[in-house]
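Q: File model17.txt follows (compact mmCIF, C-alpha atoms):
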# COMPACT_ATOMS: atom_id res chain seq x y z
CA MET V 1 -5.73 -20.38 15.97
CA ASN V 2 -2.61 -22.48 15.76
CA VAL V 3 0.99 -21.60 15.09
CA LEU V 4 0.97 -23.14 11.62
CA ILE V 5 -1.70 -20.68 10.43
CA TRP V 6 0.46 -17.75 11.59
CA VAL V 7 3.56 -19.15 9.91
CA ALA V 8 1.45 -19.35 6.74
CA VAL V 9 0.24 -15.75 7.23
CA ALA V 10 3.88 -14.60 7.48
CA LEU V 11 5.04 -16.54 4.41
CA ILE V 12 2.05 -15.52 2.31
CA GLY V 13 2.42 -11.89 3.46
CA GLY V 14 6.07 -11.92 2.41
CA ALA V 15 5.18 -13.38 -0.98
CA GLY V 16 2.36 -10.86 -1.48
CA SER V 17 4.77 -8.00 -0.78
CA VAL V 18 7.31 -9.35 -3.27
CA ALA V 19 4.52 -9.73 -5.86
CA ARG V 20 3.57 -6.08 -5.31
CA PHE V 21 7.18 -4.99 -5.82
CA LEU V 22 7.48 -6.98 -9.07
CA VAL V 23 4.13 -5.87 -10.55
CA ASP V 24 4.74 -2.22 -9.55
CA GLY V 25 8.20 -2.33 -11.14
CA ALA V 26 6.95 -3.96 -14.34
CA ILE V 27 4.08 -1.47 -14.80
CA SER V 28 6.19 1.56 -13.86
CA SER V 29 8.97 0.68 -16.30
CA ALA V 30 6.44 0.01 -19.07
CA VAL V 31 4.25 3.12 -18.82
CA GLY V 32 6.59 5.59 -17.13
CA ARG V 33 6.88 7.10 -13.68
CA ASP V 34 5.29 10.53 -14.08
CA PHE V 35 2.12 9.12 -12.57
CA PRO V 36 2.15 6.27 -9.99
CA PHE V 37 0.46 3.79 -12.33
CA GLY V 38 2.32 0.86 -10.76
CA THR V 39 0.80 1.29 -7.31
CA MET V 40 -2.60 1.99 -8.84
CA ALA V 41 -2.48 -1.20 -10.93
CA VAL V 42 -1.51 -3.24 -7.87
CA ASN V 43 -4.24 -1.70 -5.72
CA ILE V 44 -7.04 -2.01 -8.28
CA SER V 45 -6.17 -5.59 -9.21
CA GLY V 46 -5.99 -6.43 -5.49
CA ALA V 47 -9.39 -4.82 -4.88
CA VAL V 48 -11.02 -6.93 -7.59
CA ILE V 49 -9.47 -10.13 -6.18
CA LEU V 50 -10.47 -9.34 -2.58
CA GLY V 51 -13.98 -8.46 -3.81
CA LEU V 52 -14.11 -11.84 -5.53
CA LEU V 53 -12.98 -13.63 -2.37
CA THR V 54 -15.66 -11.73 -0.42
CA GLY V 55 -18.31 -12.89 -2.92
CA LEU V 56 -17.15 -16.49 -2.49
CA ALA V 57 -17.99 -16.31 1.25
CA LEU V 58 -14.95 -18.30 2.39
CA GLY V 59 -14.50 -19.87 5.80
CA HIS V 60 -12.62 -17.98 8.49
CA GLY V 61 -9.21 -19.62 7.96
CA GLU V 62 -9.35 -19.38 4.19
CA ALA V 63 -10.40 -15.72 4.34
CA LEU V 64 -7.49 -14.99 6.69
CA LEU V 65 -4.91 -16.61 4.40
CA ALA V 66 -6.24 -15.66 0.96
CA GLY V 67 -7.80 -12.30 1.85
CA THR V 68 -6.06 -10.68 4.82
CA ALA V 69 -2.62 -12.21 4.23
CA ALA V 70 -2.26 -12.61 0.44
CA VAL V 71 -4.32 -9.78 -1.07
CA GLY V 72 -3.94 -7.50 1.96
CA SER V 73 -0.14 -7.56 1.74
CA TYR V 74 -0.17 -7.30 -2.07
CA THR V 75 -2.02 -3.96 -1.94
CA THR V 76 -0.71 -0.89 -0.12
CA PHE V 77 -2.14 2.23 1.47
CA SER V 78 1.18 3.64 2.68
CA THR V 79 2.90 3.83 -0.74
CA TRP V 80 -0.28 5.26 -2.30
CA MET V 81 -0.29 8.08 0.28
CA LEU V 82 3.48 8.61 0.07
CA GLU V 83 3.33 9.04 -3.71
CA THR V 84 0.38 11.43 -3.33
CA GLN V 85 2.22 13.53 -0.74
CA ARG V 86 5.40 13.63 -2.88
CA LEU V 87 3.33 14.81 -5.86
CA THR V 88 2.02 17.74 -3.80
CA GLU V 89 5.59 18.56 -2.74
CA GLU V 90 6.40 18.90 -6.43
CA ARG V 91 3.33 21.15 -6.75
CA GLN V 92 1.58 18.64 -9.00
CA TYR V 93 -1.70 19.15 -7.16
CA ARG V 94 -3.96 18.04 -10.00
CA THR V 95 -2.07 14.78 -10.39
CA ALA V 96 -2.13 14.19 -6.64
CA VAL V 97 -5.91 14.69 -6.42
CA LEU V 98 -6.36 12.50 -9.49
CA ASN V 99 -4.27 9.76 -7.86
CA VAL V 100 -6.54 9.77 -4.80
CA VAL V 101 -9.90 10.12 -6.55
CA VAL V 102 -9.27 7.66 -9.41
CA SER V 103 -7.80 5.04 -7.03
CA LEU V 104 -10.83 5.29 -4.74
CA ALA V 105 -13.43 5.26 -7.52
CA LEU V 106 -11.80 2.38 -9.39
CA GLY V 107 -11.02 0.57 -6.13
CA VAL V 108 -14.61 0.45 -4.89
CA ALA V 109 -15.89 -0.34 -8.40
CA ALA V 110 -13.31 -3.14 -8.76
CA ALA V 111 -14.30 -4.61 -5.38
CA ALA V 112 -17.99 -4.47 -6.39
CA VAL V 113 -17.34 -6.20 -9.74
CA GLY V 114 -15.18 -8.82 -8.00
CA ARG V 115 -17.86 -9.51 -5.41
CA LEU V 116 -20.48 -9.86 -8.14
CA ILE V 117 -18.32 -12.38 -10.01
CA GLY V 118 -17.50 -14.25 -6.80
CA ALA V 119 -21.18 -14.57 -5.89
CA GLN V 120 -21.87 -16.17 -9.30
CA LEU V 121 -19.21 -18.86 -8.89
CA MET O 1 27.54 22.03 2.56
CA PRO O 2 24.26 20.17 2.86
CA GLU O 3 21.96 19.99 -0.09
CA PRO O 4 18.61 21.73 0.36
CA ALA O 5 16.01 19.11 1.14
CA ALA O 6 13.58 20.52 -1.40
CA GLU O 7 15.95 19.48 -4.21
CA VAL O 8 15.53 15.84 -3.33
CA THR O 9 12.55 14.40 -5.14
CA VAL O 10 10.87 11.04 -5.30
CA SER O 11 13.10 8.04 -5.79
CA TYR O 12 12.03 7.36 -9.34
CA PRO O 13 15.01 6.92 -11.64
CA ALA O 14 14.39 8.87 -14.81
CA GLY O 15 13.87 7.43 -18.29
CA SER O 16 13.92 3.71 -17.73
CA SER O 17 12.45 2.75 -21.07
CA PRO O 18 12.61 4.46 -24.48
CA PRO O 19 9.28 5.92 -25.65
CA GLY O 20 7.40 3.85 -28.18
CA ARG O 21 9.12 0.65 -27.22
CA ALA O 22 7.59 0.21 -23.80
CA ARG O 23 7.28 -3.45 -22.89
CA LEU O 24 6.38 -5.28 -19.73
CA ALA O 25 9.58 -6.45 -18.14
CA LEU O 26 10.38 -7.59 -14.65
CA PRO O 27 12.58 -5.11 -12.82
CA ARG O 28 16.12 -6.17 -12.19
CA ALA O 29 16.19 -7.14 -8.56
CA ASP O 30 18.88 -8.82 -6.58
CA ARG O 31 18.14 -11.62 -4.16
CA ARG O 32 19.01 -9.54 -1.13
CA GLU O 33 16.45 -6.90 -2.10
CA ILE O 34 13.74 -9.54 -2.64
CA ALA O 35 14.64 -11.23 0.67
CA ALA O 36 14.40 -7.89 2.49
CA ILE O 37 10.95 -7.17 1.00
CA PHE O 38 9.82 -10.69 1.90
CA ALA O 39 11.00 -10.39 5.51
CA GLY O 40 9.50 -6.92 6.03
CA GLY O 41 6.26 -7.92 4.33
CA ALA O 42 5.96 -11.03 6.51
CA ILE O 43 6.30 -9.01 9.73
CA GLY O 44 3.93 -6.27 8.59
CA THR O 45 1.31 -8.77 7.44
CA VAL O 46 1.39 -10.74 10.73
CA ALA O 47 0.91 -7.50 12.68
CA ARG O 48 -2.02 -6.41 10.51
CA ALA O 49 -3.66 -9.87 10.52
CA ALA O 50 -3.26 -10.18 14.32
CA LEU O 51 -5.01 -6.83 14.85
CA ALA O 52 -7.78 -7.77 12.43
CA GLU O 53 -8.30 -11.05 14.33
CA ALA O 54 -8.16 -9.37 17.75
CA PHE O 55 -10.64 -6.60 16.93
CA PRO O 56 -13.40 -7.96 14.70
CA HIS O 57 -16.15 -5.52 13.74
CA SER O 58 -19.39 -5.52 11.80
CA ALA O 59 -19.77 -3.91 8.37
CA THR O 60 -21.39 -0.82 9.88
CA GLU O 61 -18.82 -0.19 12.62
CA TRP O 62 -15.70 1.93 12.24
CA PRO O 63 -12.93 -0.39 10.97
CA TRP O 64 -10.32 0.48 13.58
CA PRO O 65 -7.83 -2.30 12.74
CA THR O 66 -7.51 -1.31 9.06
CA PHE O 67 -7.67 2.41 9.78
CA GLY O 68 -5.05 2.08 12.53
CA VAL O 69 -2.50 0.06 10.56
CA ASN O 70 -2.91 2.26 7.49
CA ILE O 71 -2.23 5.50 9.34
CA VAL O 72 0.67 4.02 11.35
CA ALA O 73 2.17 2.54 8.17
CA ALA O 74 1.79 5.91 6.40
CA PHE O 75 3.68 7.67 9.21
CA LEU O 76 6.40 5.02 9.21
CA VAL O 77 6.88 5.03 5.43
CA GLY O 78 7.15 8.82 5.46
CA TYR O 79 9.74 8.60 8.20
CA PHE O 80 11.77 5.75 6.71
CA VAL O 81 11.78 6.89 3.10
CA THR O 82 12.63 10.52 3.88
CA ARG O 83 15.38 9.49 6.29
CA LEU O 84 16.83 6.94 3.90
CA GLN O 85 16.76 9.31 0.93
CA GLU O 86 17.84 12.53 2.59
CA ARG O 87 19.63 11.74 5.84
CA LEU O 88 21.33 8.36 5.77
CA PRO O 89 24.04 6.96 3.49
CA LEU O 90 22.87 4.85 0.56
CA SER O 91 21.73 1.40 1.59
CA SER O 92 20.60 -1.34 -0.72
CA TYR O 93 18.28 -3.18 1.61
CA ARG O 94 16.84 -0.80 4.21
CA ARG O 95 14.19 0.74 1.97
CA PRO O 96 13.01 -2.65 0.64
CA LEU O 97 12.90 -4.03 4.20
CA LEU O 98 11.25 -1.08 5.96
CA GLY O 99 9.35 0.73 3.22
CA THR O 100 8.25 -1.74 0.55
CA GLY O 101 8.19 -4.70 2.93
CA LEU O 102 7.17 -3.64 6.44
CA CYS O 103 4.97 -0.63 5.64
CA GLY O 104 3.57 -2.18 2.46
CA GLY O 105 2.68 -5.39 4.30
CA LEU O 106 1.30 -3.53 7.31
CA SER O 107 -0.97 -1.28 5.26
CA THR O 108 -3.68 -2.41 2.88
CA PHE O 109 -5.75 -0.81 0.14
CA SER O 110 -7.92 -3.78 -0.87
CA THR O 111 -9.37 -4.39 2.61
CA MET O 112 -10.24 -0.70 2.85
CA GLN O 113 -12.07 -0.83 -0.49
CA VAL O 114 -14.07 -3.92 0.50
CA GLU O 115 -14.93 -2.28 3.84
CA ILE O 116 -16.20 0.80 1.97
CA LEU O 117 -18.18 -1.44 -0.39
CA LYS O 118 -19.82 -3.22 2.57
CA MET O 119 -20.69 0.13 4.18
CA LEU O 120 -22.29 1.29 0.93
CA SER O 121 -24.19 -2.01 0.62
CA ALA O 122 -25.53 -1.48 4.15
CA HIS O 123 -26.57 2.10 3.19
CA ALA O 124 -24.20 3.49 5.82
CA TRP O 125 -23.41 6.47 3.59
CA GLY O 126 -22.14 8.76 6.33
CA LEU O 127 -19.84 6.08 7.74
CA ALA O 128 -18.42 5.35 4.28
CA ALA O 129 -17.84 9.05 3.56
CA GLY O 130 -16.30 9.59 6.99
CA TYR O 131 -14.03 6.55 6.65
CA ILE O 132 -12.79 7.66 3.22
CA ALA O 133 -12.22 11.26 4.31
CA ALA O 134 -10.51 10.32 7.60
CA SER O 135 -8.21 7.78 5.90
CA ILE O 136 -7.07 10.21 3.21
CA VAL O 137 -6.67 13.21 5.51
CA ALA O 138 -4.95 11.27 8.33
CA GLY O 139 -2.79 9.24 5.91
CA TYR O 140 -1.62 12.35 4.08
CA ALA O 141 -1.06 14.25 7.34
CA ALA O 142 0.91 11.35 8.82
CA ILE O 143 3.34 11.34 5.89
CA HIS O 144 3.60 15.11 5.88
CA LEU O 145 4.34 15.14 9.63
CA ALA O 146 6.89 12.29 9.47
CA THR O 147 8.65 13.97 6.54
CA ALA O 148 8.79 17.31 8.36
CA LEU O 149 10.12 15.65 11.53
CA VAL O 150 12.99 14.02 9.62
CA ARG O 151 13.85 17.25 7.78
CA ARG O 152 14.00 19.25 11.02
CA VAL O 153 17.13 17.32 11.93
CA ARG O 154 20.13 18.94 10.26
CA VAL O 155 22.17 16.88 7.85
CA ARG O 156 25.45 15.72 9.34
CA ARG O 157 28.24 15.19 6.92
Before we go any further, please render this structure as structure tokens.
A:
Amino acid sequence: MNVLIWVAVALIGGAGSVARFLVDGAISSAVGRDFPFGTMAVNISGAVILGLLTGLALGHGEALLAGTAAVGSYTTFSTWMLETQRLTEERQYRTAVLNVVVSLALGVAAAAVGRLIGAQL
Amino acid sequence: MPEPAAEVTVSYPAGSSPPGRARLALPRADRREIAAIFAGGAIGTVARAALAEAFPHSATEWPWPTFGVNIVAAFLVGYFVTRLQERLPLSSYRRPLLGTGLCGGLSTFSTMQVEILKMLSAHAWGLAAGYIAASIVAGYAAIHLATALVRRVRVRR
């Protein structure tokens, strides 16, 4: 694995993180911030894209750059958990549980649909 | 006199768009904020990708690289965000660099979902259930612990 690949991983990871910030901000300002829809939209859209890449059965280098670096950095586990924990601090337990359960259900479903589409291409 | 920590809520600014006229619009972001997110995200992503490359695993083995970075990133984001919001003076680039960038780039949701999907496809039901439960419980606990650790330190004014 050469240096160039890792420079690309860093640049793509930076870009994926900026994309997450912009999409999260756009969704949150459009539909409101009572529920963390922004993070959910990012995570579900990322799951469908990574599922699609999985279905395509890419080579090792391509999977590292497009999957691990690009889509991996675009989606986030840490913010999802932070928002869930902050909801419980505000005693919004139902919303917190909903945030976890809906993200997981939609996330796995999105990955499955993506993989199905990818396998057809 | 220090403000009680419980009064400080999530960072969401209230009422950013009038009801009924909600439109998709890019958030106003300055270049420094974007650069900070880019830099943090680059570092976090390289760390996560390096671990994934160093510790490959089959679909029916416990995904230690993803699980590890997710729980570490959860602890770090709890620490950074709580400290930045409740203990340190306002800073325009630390949260984008450390929270949105570093922790966001280090952790991943999509890889976790595809790993769960592959476990389900391989009929490894118990592994999938255990992976989901452990990630949620440990991720939540990590943030709770990091937040509590920061709040134990008295505010200095």
Q: Go through V:Val113, V:Val102, V:Leu82, V:Leu65 and flag the residue nearest Trp6 in chain V, using all atoms listed in the file for the distances.
A: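 Looking only at the distances to Trp6 in chain V, the closest residue turns out to be V:Leu65.
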Q: So which residues touch Ala141 in chain O within 10 Å, counting only C-alpha atoms, skipping near sequence neighbours fewer than 3 positions away, as JSON, numbers by chain?
A: {"V": [81, 85], "O": [71, 74, 75, 135, 136, 137, 138, 144, 145, 146, 147]}
Q: Grab the residues selected above and save them as a CSV table (one decimal), in the frame of the given file with C-alpha atoms.
A:
chain,number,residue,atom,x,y,z
V,81,MET,CA,-0.3,8.1,0.3
V,85,GLN,CA,2.2,13.5,-0.7
O,71,ILE,CA,-2.2,5.5,9.3
O,74,ALA,CA,1.8,5.9,6.4
O,75,PHE,CA,3.7,7.7,9.2
O,135,SER,CA,-8.2,7.8,5.9
O,136,ILE,CA,-7.1,10.2,3.2
O,137,VAL,CA,-6.7,13.2,5.5
O,138,ALA,CA,-5.0,11.3,8.3
O,144,HIS,CA,3.6,15.1,5.9
O,145,LEU,CA,4.3,15.1,9.6
O,146,ALA,CA,6.9,12.3,9.5
O,147,THR,CA,8.6,14.0,6.5
Q: Between V:Asn43, V:Ser28, V:Thr84, V:Thr54, which has the minimum distance to Ser103 in chain V (counting only C-alpha atoms)?
A: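 For Ser103 in chain V, the nearest of the candidates is V:Asn43.
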Q: May I have the residues within 6 Å of range 105-122 of chain O as a ChimeraX atom specification, using only C-alpha atoms and disregarding those fewer than 3 positions away in the same chain?
A: /V:46-47,72-73,75-78,107-108,111 /O:41,44-45,48,59-60,69-70,73,101-102,125,128
Q: Using all atoms listed in the file, determine which residues lie at most 9 Å from Ala41 in chain V, disregarding the query and same-chain residues fewer than 6 positions distant; provide the list as a VMD selection string.
A: chain V and resid 23 to 24 27
Q: Hey, can you check how far CA of Gly118 in chain V sits from CA of Thr66 in chain O?
A: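 CA of Thr66 in chain O lies 22.8 Å from CA of Gly118 in chain V.
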Q: Could you name the residues that touch Val46 in chain O at 10 Å or less, counting only C-alpha atoms, but leaving out those on the same chain fewer than 5 positions away, as an NGL selection string?
A: (:V and (6-14 or 68-69 or 73)) or (:O and (41 or 51-52 or 105-106))
Q: Could you please determine the separation between CA of Leu98 in chain O and CA of Ala70 in chain V in Å, to one decimal place?
A: 18.6 Å
Q: Go through V:Leu4, V:His60, V:Trp80, V:Ser29 and flag the residue nearest Pro56 in chain O, using all atoms listed in the file for the distances.
A: V:His60
Q: Step by step: start from the point (10.6, -5.1, 1.6) in the file's coordinates, keep every protein, DNA or RNA residue that has an atom no farther than 7 Å from it, count all atoms listed in the file, and write the set as a ChimeraX atom specification.
A: /V:17 /O:34,36-41,95-102
Q: Quick one: of O:Leu127, O:Ala54, O:Ile143, O:Leu90, who's nearest to chain V, counting all atoms listed in the file?
A: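 Of the candidates, the smallest distance to chain V is held by O:Ile143.
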